[in-house]
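Structure file work-v6.txt (compact mmCIF, C-alpha atoms) is printed below.
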```txt
# COMPACT_ATOMS: atom_id res chain seq x y z
CA MET A 274 9.79 3.07 27.11
CA ARG A 275 7.82 0.64 24.95
CA PRO A 276 9.12 -0.72 21.61
CA LEU A 277 7.87 0.81 18.39
CA GLN A 278 5.15 -1.39 16.94
CA ARG A 279 5.04 0.18 13.51
CA VAL A 280 8.25 1.61 12.12
CA THR A 281 7.63 3.67 9.03
CA THR A 282 10.20 5.65 7.08
CA THR A 283 8.57 8.87 8.27
CA THR A 284 8.89 7.74 11.90
CA ILE A 285 12.64 7.27 11.37
CA GLU A 286 12.93 10.67 9.72
CA VAL A 287 11.19 12.33 12.66
CA LEU A 288 13.34 10.44 15.19
CA GLN A 289 16.53 11.33 13.34
CA CYS A 290 15.51 14.96 13.16
CA ILE A 291 14.80 15.22 16.90
CA TYR A 292 18.00 13.31 17.70
CA SER A 293 20.02 15.79 15.66
CA PHE A 294 19.00 18.55 18.10
CA ASP A 295 21.05 16.80 20.79
CA GLY A 296 18.62 17.04 23.68
CA GLU A 297 17.34 20.46 22.79
CA GLY A 298 13.56 20.78 22.39
CA VAL A 299 12.26 21.20 18.86
CA TRP A 300 8.73 22.13 17.90
CA GLY A 301 6.46 20.29 15.47
CA LEU A 302 6.46 22.79 12.63
CA GLU A 303 10.23 22.95 12.62
CA ILE A 304 10.44 19.15 12.36
CA ALA A 305 7.98 19.34 9.47
CA LYS A 306 10.07 21.98 7.73
CA LEU A 307 13.36 20.13 8.25
CA THR A 308 12.06 16.73 7.16
CA GLY A 309 9.88 18.10 4.38
CA LEU A 310 6.89 16.23 5.83
CA LYS A 311 3.41 17.69 6.30
CA THR A 312 2.50 18.75 9.80
CA GLY A 313 -0.55 16.50 9.50
CA THR A 314 1.90 13.60 9.24
CA VAL A 315 4.41 14.77 11.83
CA TYR A 316 2.06 15.44 14.76
CA PRO A 317 0.39 11.99 14.81
CA ILE A 318 3.89 10.44 14.82
CA LEU A 319 4.97 12.72 17.66
CA GLU A 320 1.82 11.81 19.58
CA ARG A 321 2.48 8.09 19.07
CA LEU A 322 6.16 8.36 20.03
CA GLU A 323 5.22 10.33 23.13
CA SER A 324 2.62 7.80 24.20
CA LEU A 325 5.22 5.01 23.79
CA GLY A 326 7.68 6.88 25.99
CA TRP A 327 10.14 7.83 23.28
CA LEU A 328 9.52 11.56 23.54
CA ASP A 329 8.91 14.15 26.20
CA SER A 330 7.06 17.31 25.33
CA GLU A 331 6.45 20.57 27.10
CA TRP A 332 5.13 24.04 26.43
CA GLU A 333 7.85 26.46 25.52
CA ILE A 334 8.64 29.06 28.18
CA THR A 335 10.21 32.10 26.59
CA GLN A 336 9.83 35.82 26.88
CA ASP A 337 11.73 36.46 23.63
CA ARG A 338 8.74 36.21 21.34
CA SER A 339 5.11 37.15 21.50
CA GLY A 340 2.18 34.97 20.45
CA PRO A 341 0.89 31.54 21.45
CA ARG A 342 3.32 29.23 23.20
CA ARG A 343 4.79 26.34 21.21
CA ARG A 344 4.97 22.68 22.13
CA THR A 345 8.54 21.40 22.04
CA TYR A 346 9.61 17.78 21.80
CA LYS A 347 12.81 15.97 22.80
CA LEU A 348 13.91 12.37 23.12
CA THR A 349 13.63 10.75 26.56
CA ALA A 350 16.88 9.59 28.20
CA ASP A 351 16.21 5.94 27.18
CA ALA A 352 15.38 6.86 23.60
CA SER A 353 18.52 9.02 23.34
CA GLN A 354 20.57 6.08 24.58
CA GLU A 355 18.98 3.76 22.00
CA MET A 356 19.55 6.27 19.21
CA ARG A 357 23.19 6.67 20.28
CA GLU A 358 23.68 2.90 20.21
CA LEU A 359 22.02 2.62 16.85
CA THR A 360 24.22 5.37 15.43
CA ARG A 361 27.28 3.58 16.81
CA LYS A 362 26.22 0.15 15.51
CA LEU A 363 25.52 1.29 11.97
CA PRO A 364 28.63 2.07 9.92
CA PRO A 365 28.62 5.76 8.84
CA VAL A 366 28.19 4.88 5.20
CA HIS A 367 24.93 3.09 5.99
CA GLN A 368 23.37 5.79 8.09
CA ASP A 369 20.67 6.60 5.61
CA THR A 370 16.99 6.34 6.36
CA LYS A 371 16.67 2.91 4.77
CA SER A 372 19.36 1.38 6.97
CA TRP A 373 17.89 2.91 10.09
CA ASN A 374 14.54 1.57 9.12
CA LEU A 375 15.97 -1.91 8.59
CA ALA A 376 17.85 -1.81 11.87
CA LEU A 377 14.76 -0.72 13.78
CA ARG A 378 12.70 -3.45 12.14
CA GLN A 379 15.31 -6.05 13.05
CA GLY A 380 14.70 -5.22 16.67
CA PHE A 381 17.70 -3.14 17.66
CA LEU A 382 15.48 -0.92 19.73
CA GLY A 383 12.89 -3.46 20.83
CA MET B 166 -14.78 29.73 13.35
CA SER B 167 -15.04 28.05 9.95
CA PRO B 168 -17.02 24.79 9.67
CA ILE B 169 -13.87 22.85 8.68
CA LEU B 170 -12.02 24.08 11.72
CA ALA B 171 -15.02 23.32 13.95
CA LEU B 172 -15.23 19.83 12.47
CA ALA B 173 -11.49 19.29 12.92
CA LEU B 174 -11.72 20.28 16.58
CA ARG B 175 -14.68 17.97 17.04
CA VAL B 176 -12.82 15.07 15.46
CA ILE B 177 -9.73 15.43 17.66
CA PRO B 178 -10.10 13.26 20.81
CA ALA B 179 -11.36 15.32 23.75
CA ASP B 180 -8.22 14.87 25.86
CA LEU B 181 -6.01 16.25 23.07
CA ARG B 182 -8.33 19.00 21.83
CA GLU B 183 -6.93 21.84 23.90
CA LYS B 184 -3.32 20.85 23.24
CA TYR B 185 -3.71 20.70 19.47
CA SER B 186 -5.85 23.79 19.34
CA GLU B 187 -2.94 25.66 20.92
CA ILE B 188 -0.37 23.95 18.68
CA TRP B 189 -2.44 24.95 15.66
CA ARG B 190 -2.59 28.56 16.83
CA ALA B 191 1.17 28.66 17.41
CA ASP B 192 1.91 27.12 14.01
CA ASN B 193 -0.26 29.71 12.34
CA TYR B 194 1.06 32.66 14.19
CA ALA B 195 2.58 34.81 11.49
CA SER B 196 5.02 36.92 13.49
CA ASP B 197 7.20 34.13 14.85
CA GLY B 198 9.95 34.25 12.28
CA TYR B 199 8.80 31.20 10.32
CA GLU B 200 7.03 31.48 7.01
CA ASN B 201 4.40 29.11 8.16
CA GLY B 202 1.14 30.90 7.40
CA ALA B 203 0.26 28.76 4.43
CA ASP B 204 1.62 25.49 5.76
CA PHE B 205 -0.93 24.55 8.31
CA LYS B 206 -4.14 24.79 6.37
CA GLN B 207 -7.53 23.93 7.76
CA PHE B 208 -7.85 20.75 5.74
CA GLN B 209 -4.51 19.60 7.02
CA PHE B 210 -5.73 20.29 10.53
CA LEU B 211 -8.79 18.18 9.78
CA SER B 212 -6.56 15.41 8.43
CA LEU B 213 -4.45 15.66 11.59
CA GLY B 214 -7.61 15.42 13.68
CA LEU B 215 -8.72 12.31 11.80
CA GLN B 216 -5.33 10.66 12.28
CA LEU B 217 -5.27 11.50 15.97
CA ARG B 218 -8.76 10.07 16.33
CA TRP B 219 -7.77 6.95 14.38
CA GLN B 220 -4.77 6.19 16.60
CA SER B 221 -6.43 7.07 19.92
CA ASP B 222 -7.10 4.24 22.37
CA SER B 223 -10.75 5.18 22.70
CA PHE B 224 -11.29 4.52 19.00
CA ARG B 225 -10.29 0.84 19.17
CA LEU B 226 -13.80 -0.41 18.32
CA GLY B 227 -14.15 2.14 15.53
CA ARG B 228 -10.85 1.00 14.01
CA LEU B 229 -11.99 -2.60 14.16
CA ALA B 230 -15.35 -1.74 12.57
CA ILE B 231 -13.79 0.30 9.74
CA ARG B 232 -11.22 -2.42 9.01
CA ALA B 233 -13.98 -5.05 8.97
CA LEU B 234 -16.03 -2.87 6.60
CA ILE B 235 -13.06 -2.46 4.26
CA VAL B 236 -12.48 -6.22 4.26
CA ILE B 237 -16.18 -6.88 3.57
CA ALA B 238 -16.21 -4.30 0.75
CA LEU B 239 -13.08 -5.81 -0.79
CA VAL B 240 -14.52 -9.33 -0.56
CA ALA B 241 -17.76 -8.11 -2.20
CA VAL B 242 -15.86 -6.40 -5.01
CA TYR B 243 -13.67 -9.49 -5.41
CA ALA B 244 -16.70 -11.78 -5.61
CA GLU B 245 -18.58 -9.52 -8.02
CA PHE B 246 -16.00 -8.46 -10.62
CA GLY B 247 -13.82 -10.83 -12.65
CA LEU B 248 -11.48 -8.02 -13.65
CA VAL B 249 -10.82 -7.23 -9.99
CA ARG B 250 -10.00 -10.90 -9.38
CA ASP B 251 -7.51 -10.83 -12.25
CA MET B 252 -5.94 -7.62 -11.03
CA LEU B 253 -5.68 -8.91 -7.48
CA VAL B 254 -4.04 -12.14 -8.58
CA LEU B 255 -1.61 -10.20 -10.76
CA LEU B 256 -0.86 -7.84 -7.90
CA ILE B 257 -0.15 -10.70 -5.50
CA VAL B 258 2.06 -12.48 -8.06
CA TRP B 259 3.93 -9.23 -8.76
CA TRP B 260 4.34 -8.54 -5.04
CA LEU B 261 5.60 -12.06 -4.38
CA ILE B 262 8.10 -11.80 -7.20
CA LYS B 263 9.28 -8.43 -5.91
CA ARG B 264 9.62 -9.60 -2.31
CA SER B 265 11.25 -12.93 -3.18
CA ASP B 266 14.38 -11.35 -4.67
CA PHE B 267 13.36 -13.25 -7.75
CA ARG B 268 16.23 -12.94 -10.22
CA ALA B 269 13.76 -13.04 -13.03
CA ILE B 270 14.92 -13.63 -16.59
CA HIS B 271 11.77 -13.18 -18.63
CA SER B 272 9.71 -11.06 -16.20
CA LYS B 273 9.94 -7.87 -18.28
CA ARG B 274 8.66 -9.71 -21.33
CA ALA B 275 5.99 -11.44 -19.23
CA LEU B 276 4.83 -8.14 -17.76
CA GLU B 277 4.65 -6.57 -21.21
CA ALA B 278 2.71 -9.53 -22.57
CA THR B 279 0.30 -9.33 -19.62
CA GLY B 280 -0.22 -5.62 -20.24
CA VAL B 281 -0.89 -6.24 -23.93
CA HIS B 282 -3.29 -9.05 -23.06
CA LEU B 283 -5.27 -6.93 -20.62
CA VAL B 284 -5.67 -4.18 -23.24
CA VAL B 285 -6.64 -6.64 -26.01
CA SER B 286 -9.00 -8.44 -23.62
CA LEU B 287 -10.70 -5.16 -22.72
CA CYS B 288 -11.02 -4.21 -26.42
CA SER B 289 -12.51 -7.60 -27.28
CA PHE B 290 -15.00 -7.26 -24.43
CA VAL B 291 -16.09 -3.80 -25.62
CA LEU B 292 -16.45 -5.07 -29.21
CA GLY B 293 -18.31 -8.17 -28.01
CA LEU B 294 -20.70 -6.03 -26.03
CA LEU B 295 -21.24 -3.76 -29.05
CA VAL B 296 -22.00 -6.74 -31.31
CA PHE B 297 -24.32 -8.20 -28.69
CA ILE B 298 -26.26 -4.95 -28.25
CA THR B 299 -26.53 -4.03 -31.93
CA GLY B 300 -27.07 -7.64 -33.13
CA GLY B 301 -30.68 -7.82 -31.97
CA ARG B 302 -31.94 -4.70 -33.67
CA ILE B 303 -30.26 -4.26 -37.06
CA GLU B 304 -32.12 -3.51 -40.23
CA GLU B 305 -31.45 -5.46 -43.43
CA HIS B 306 -29.39 -2.68 -45.02
CA GLU B 307 -27.13 -2.58 -41.96
CA ALA B 308 -26.35 -6.31 -42.11
CA HIS B 309 -23.06 -5.80 -43.91
CA SER B 310 -21.61 -3.37 -41.40
CA PHE B 311 -22.78 -5.64 -38.58
CA GLN B 312 -20.98 -8.59 -40.19
CA THR B 313 -17.81 -6.50 -40.42
CA LEU B 314 -18.10 -5.62 -36.73
CA ALA B 315 -18.64 -9.27 -35.80
CA VAL B 316 -15.63 -10.37 -37.87
CA LEU B 317 -13.52 -7.66 -36.24
CA GLY B 318 -14.78 -8.82 -32.83
CA ASN B 319 -13.83 -12.41 -33.59
CA LEU B 320 -10.38 -11.32 -34.73
CA VAL B 321 -9.76 -9.42 -31.51
CA VAL B 322 -10.99 -12.42 -29.49
CA ALA B 323 -8.54 -14.64 -31.40
CA LEU B 324 -5.81 -12.11 -30.62
CA SER B 325 -6.88 -12.18 -26.99
CA PHE B 326 -6.45 -16.00 -26.93
CA LEU B 327 -2.98 -15.57 -28.38
CA THR B 328 -1.89 -12.83 -25.96
CA ALA B 329 -3.25 -14.82 -22.98
CA ALA B 330 -1.27 -17.87 -24.07
CA CYS B 331 1.84 -15.73 -24.68
CA ALA B 332 1.64 -14.00 -21.28
CA SER B 333 1.11 -17.31 -19.45
CA PHE B 334 4.00 -18.88 -21.36
CA PHE B 335 6.40 -16.04 -20.47
CA TRP B 336 5.45 -16.15 -16.80
CA ILE B 337 5.93 -19.91 -16.65
CA ALA B 338 9.25 -19.64 -18.51
CA ASP B 339 10.30 -16.94 -16.04
CA PHE B 340 9.42 -19.00 -12.97
CA VAL B 341 11.02 -22.17 -14.32
CA THR B 342 14.29 -20.58 -15.42
CA THR B 343 14.89 -18.46 -12.33
CA LYS B 344 17.79 -19.63 -10.18
CA ASN B 345 17.30 -18.60 -6.57
CA VAL B 346 13.79 -19.81 -5.68
CA PHE B 347 12.99 -23.19 -4.13
CA VAL B 348 11.11 -25.82 -6.11
CA THR B 349 7.96 -25.40 -3.99
CA GLY B 350 7.92 -21.66 -4.71
CA LYS B 351 8.35 -22.27 -8.41
CA LEU B 352 5.62 -24.91 -8.37
CA PHE B 353 3.21 -22.57 -6.57
CA LEU B 354 3.82 -19.77 -9.03
CA VAL B 355 3.56 -22.03 -12.08
CA VAL B 356 0.24 -23.42 -10.82
CA ALA B 357 -1.04 -19.91 -10.00
CA ILE B 358 -0.18 -18.62 -13.46
CA GLY B 359 -1.64 -21.77 -15.00
CA PHE B 360 -4.92 -21.04 -13.22
CA LEU B 361 -4.78 -17.41 -14.26
CA GLY B 362 -4.14 -18.46 -17.87
CA ILE B 363 -7.23 -20.67 -17.76
CA GLN B 364 -9.21 -17.72 -16.41
CA TRP B 365 -7.96 -15.50 -19.25
CA LEU B 366 -8.88 -18.11 -21.86
CA GLN B 367 -12.32 -18.53 -20.30
CA GLN B 368 -12.87 -14.77 -20.47
CA ALA B 369 -11.95 -14.80 -24.15
CA ARG B 370 -14.40 -17.66 -24.66
CA ASN B 371 -17.13 -15.66 -22.89
CA VAL B 372 -16.60 -12.75 -25.28
CA SER B 373 -16.61 -15.14 -28.23
CA GLU B 374 -19.99 -16.44 -26.99
CA LEU B 375 -21.23 -12.88 -26.70
CA ILE B 376 -20.44 -12.31 -30.40
CA ASP B 377 -21.78 -15.63 -31.67
CA SER B 378 -23.12 -18.18 -29.22
CA ALA B 379 -23.21 -20.87 -31.94
CA SER B 380 -19.58 -20.45 -32.99
CA TRP B 381 -17.26 -23.47 -32.97
CA VAL B 382 -14.89 -21.72 -30.55
CA SER B 383 -17.56 -21.57 -27.85
CA SER B 384 -18.57 -25.19 -28.26
CA ALA B 385 -14.99 -26.47 -28.61
CA LEU B 386 -13.94 -24.72 -25.42
CA ALA B 387 -17.06 -25.60 -23.44
CA PRO B 388 -15.18 -27.90 -20.98
CA LEU B 389 -12.92 -24.93 -20.16
CA SER B 390 -15.78 -23.35 -18.26
CA ARG B 391 -15.94 -26.17 -15.72
CA VAL B 392 -12.14 -26.26 -15.32
CA GLN B 393 -12.09 -22.50 -14.83
CA GLN B 394 -14.81 -22.63 -12.15
CA VAL B 395 -12.70 -25.05 -10.11
CA THR B 396 -9.33 -23.39 -10.65
CA SER B 397 -10.39 -19.76 -10.20
CA ASN B 398 -11.80 -20.70 -6.79
CA LEU B 399 -8.40 -22.12 -5.89
CA VAL B 400 -6.28 -19.17 -7.06
CA LEU B 401 -6.75 -16.93 -4.05
CA PRO B 402 -6.38 -19.62 -1.34
CA LEU B 403 -3.27 -20.86 -3.13
CA LEU B 404 -1.72 -17.42 -3.29
CA LEU B 405 -2.66 -16.75 0.33
CA ILE B 406 -0.89 -19.97 1.36
CA LEU B 407 2.19 -18.93 -0.60
CA SER B 408 2.11 -15.42 0.89
CA GLY B 409 1.83 -16.99 4.37
CA LEU B 410 4.78 -19.29 3.69
CA HIS B 411 6.75 -16.34 2.36
CA ALA B 412 5.97 -14.26 5.47
CA LEU B 413 6.97 -17.20 7.69
CA THR B 414 10.30 -17.59 5.90
CA ARG B 415 11.00 -13.88 6.30
CA LEU B 416 10.10 -14.01 10.00
CA ARG B 417 12.48 -16.93 10.52
CA GLY B 418 15.22 -15.04 8.67
CA LYS B 419 14.59 -11.96 10.78
CA ARG B 420 14.82 -13.99 14.02
CA ARG B 421 18.05 -15.56 12.82
CA ASN B 422 19.48 -12.09 12.05
CA GLN B 423 18.40 -10.82 15.45
CA ALA B 424 20.02 -13.78 17.20
CA SER B 425 23.27 -13.26 15.29
CA ILE B 426 23.30 -9.53 16.17
CA THR B 427 22.77 -10.12 19.91
```

Reformat the file's structure so that it appears as structure tokens.
Amino acid sequence: MRPLQRVTTTTIEVLQCIYSFDGEGVWGLEIAKLTGLKTGTVYPILERLESLGWLDSEWEITQDRSGPRRRTYKLTADASQEMRELTRKLPPVHQDTKSWNLALRQGFLG
Amino acid sequence: MSPILALALRVIPADLREKYSEIWRADNYASDGYENGADFKQFQFLSLGLQLRWQSDSFRLGRLAIRALIVIALVAVYAEFGLVRDMLVLLIVWWLIKRSDFRAIHSKRALEATGVHLVVSLCSFVLGLLVFITGGRIEEHEAHSFQTLAVLGNLVVALSFLTAACASFFWIADFVTTKNVFVTGKLFLVVAIGFLGIQWLQQARNVSELIDSASWVSSALAPLSRVQQVTSNLVLPLLLILSGLHALTRLRGKRRNQASIT
């Protein structure tokens, strides 16, 4: 896993959102809906995080629904570990996006 | 397939085209329980394609070329338009103040004065231009109204001198009286605003010359032109040095923080 070179607030929001699914795969549109971001913003971030080794993605395999298959994303084991540590290091009261952003910029995850 | 969609697919890097084409289809599939039909519009898909292209490794040269073009365009605009130079300097000063945790005392007043000056300066320029254009082709019976316009122009120019002096004074007062900035930082900002003040005065003089080239204001402030030429060329390098120093200080602080965390 390579360190994040450019940590934007939206990157943190996407990471937090995926982390909240606790290892379960979540698809791009759902992340967009939960974070309130446009899909045109979310997918490039997902692509970047995946290329840096922070995310794994796979095509959804389910017989429950018809239609085109969806691409689901989840944190890699290393990224999950880093997110866990970051959550532990930041006091609960400071776990807003700004604090996460600051912590990431200060090199917690580098 | 619509032309926008075709373009979007063309823009997406070849190795990601199939993947995103399928993602797009899934996101638009109406019967999947999500109300997503309207969310993923074609223009958004095009925007996604552009962003994917921009961040792809194969587009490294393109990124470099576009960034170079933007820099060249900005330099050209900066060199060509005085107003852009003023705005840029103001923007850098504002940014520096914001980033420096500058516990400013008079900044609100200074900002207001700067805003008023920019408006007055623009009005005086418009009036000056009007006087200059109409001055050459007035009939005898229109002489009175022309004189009124010229007097009004001169009044606004005088006001512009005053507002420029006021704005510069407030900025300097703000920088001098602030408590938590080092002397070098204060000195830099005072010099930068001093230069900017000279530039503002020179612009007012230019408008005054436009209205009446033989006026005493133009001749009295003639040396200002030479001073302004020297100082305005120094404004940007000076502010770049200060920005660099500021960035360096922040980097050092960040490293210190990191060391204390680990």

- Suppose you want the space between CA of Arg338 in chain A and CA of Glu303 in chain A; what is it in Å?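 According to the coordinates, CA of Arg338 in chain A and CA of Glu303 in chain A are separated by 15.9 Å.
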
- Message: Residues of chain B within 6 Å of chain A, counting only C-alpha atoms, what are they? List them as a list in words.
- Response: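 That gives Ala191, Gln209, Leu213 and Leu217 of chain B for chain B.
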
- Kindly give the distance, in Å, that separates CA of Ala338 in chain B and CA of Ile363 in chain B, rounded to a single decimal.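 Distance between the two atoms: 16.5 Å.
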
- State, in Å with one decimal place, the distance from CA of Trp189 in chain B to CA of Leu172 in chain B.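 Computed distance, CA of Trp189 in chain B to CA of Leu172 in chain B, equals 14.1 Å.
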
- Compile the contact shell of Phe294 in chain A as a list in words: residues with an atom at most 12 Å away, counting only C-alpha atoms, same-chain residues fewer than 2 positions apart removed.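 So the residues in contact are Val287, Leu288, Gln289, Cys290, Ile291, Tyr292, Gly296, Glu297, Gly298, Val299, Trp300, Glu303, Ile304, Leu307, Thr345, Tyr346, Lys347, Leu348 and Ser353 of chain A.
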
- Who sits within 12 Å of Arg275 in chain A, all atoms listed in the file, same chain under 6 positions skipped, as a list in words: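 My reading of the contact set: Arg321, Leu322, Glu323, Ser324, Leu325, Gly326, Trp327, Leu328, Thr349, Asp351, Ala352, Glu355, Leu382 and Gly383 of chain A.
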
- Nearest to Thr360 in chain A, restricted to all atoms listed in the file and choosing among A:Ser293, A:Thr308, A:Thr335, A:Gln278, comes out as A:Ser293

- Message: Residues near Ala332 in chain B, anyone? I mean within 12 Å using all atoms listed in the file, not counting same-chain ones fewer than 3 positions away, as a PyMOL selection string.
- Response: chain B and resi 255+271-283+325-329+335-339+358-359+361-363+365-366
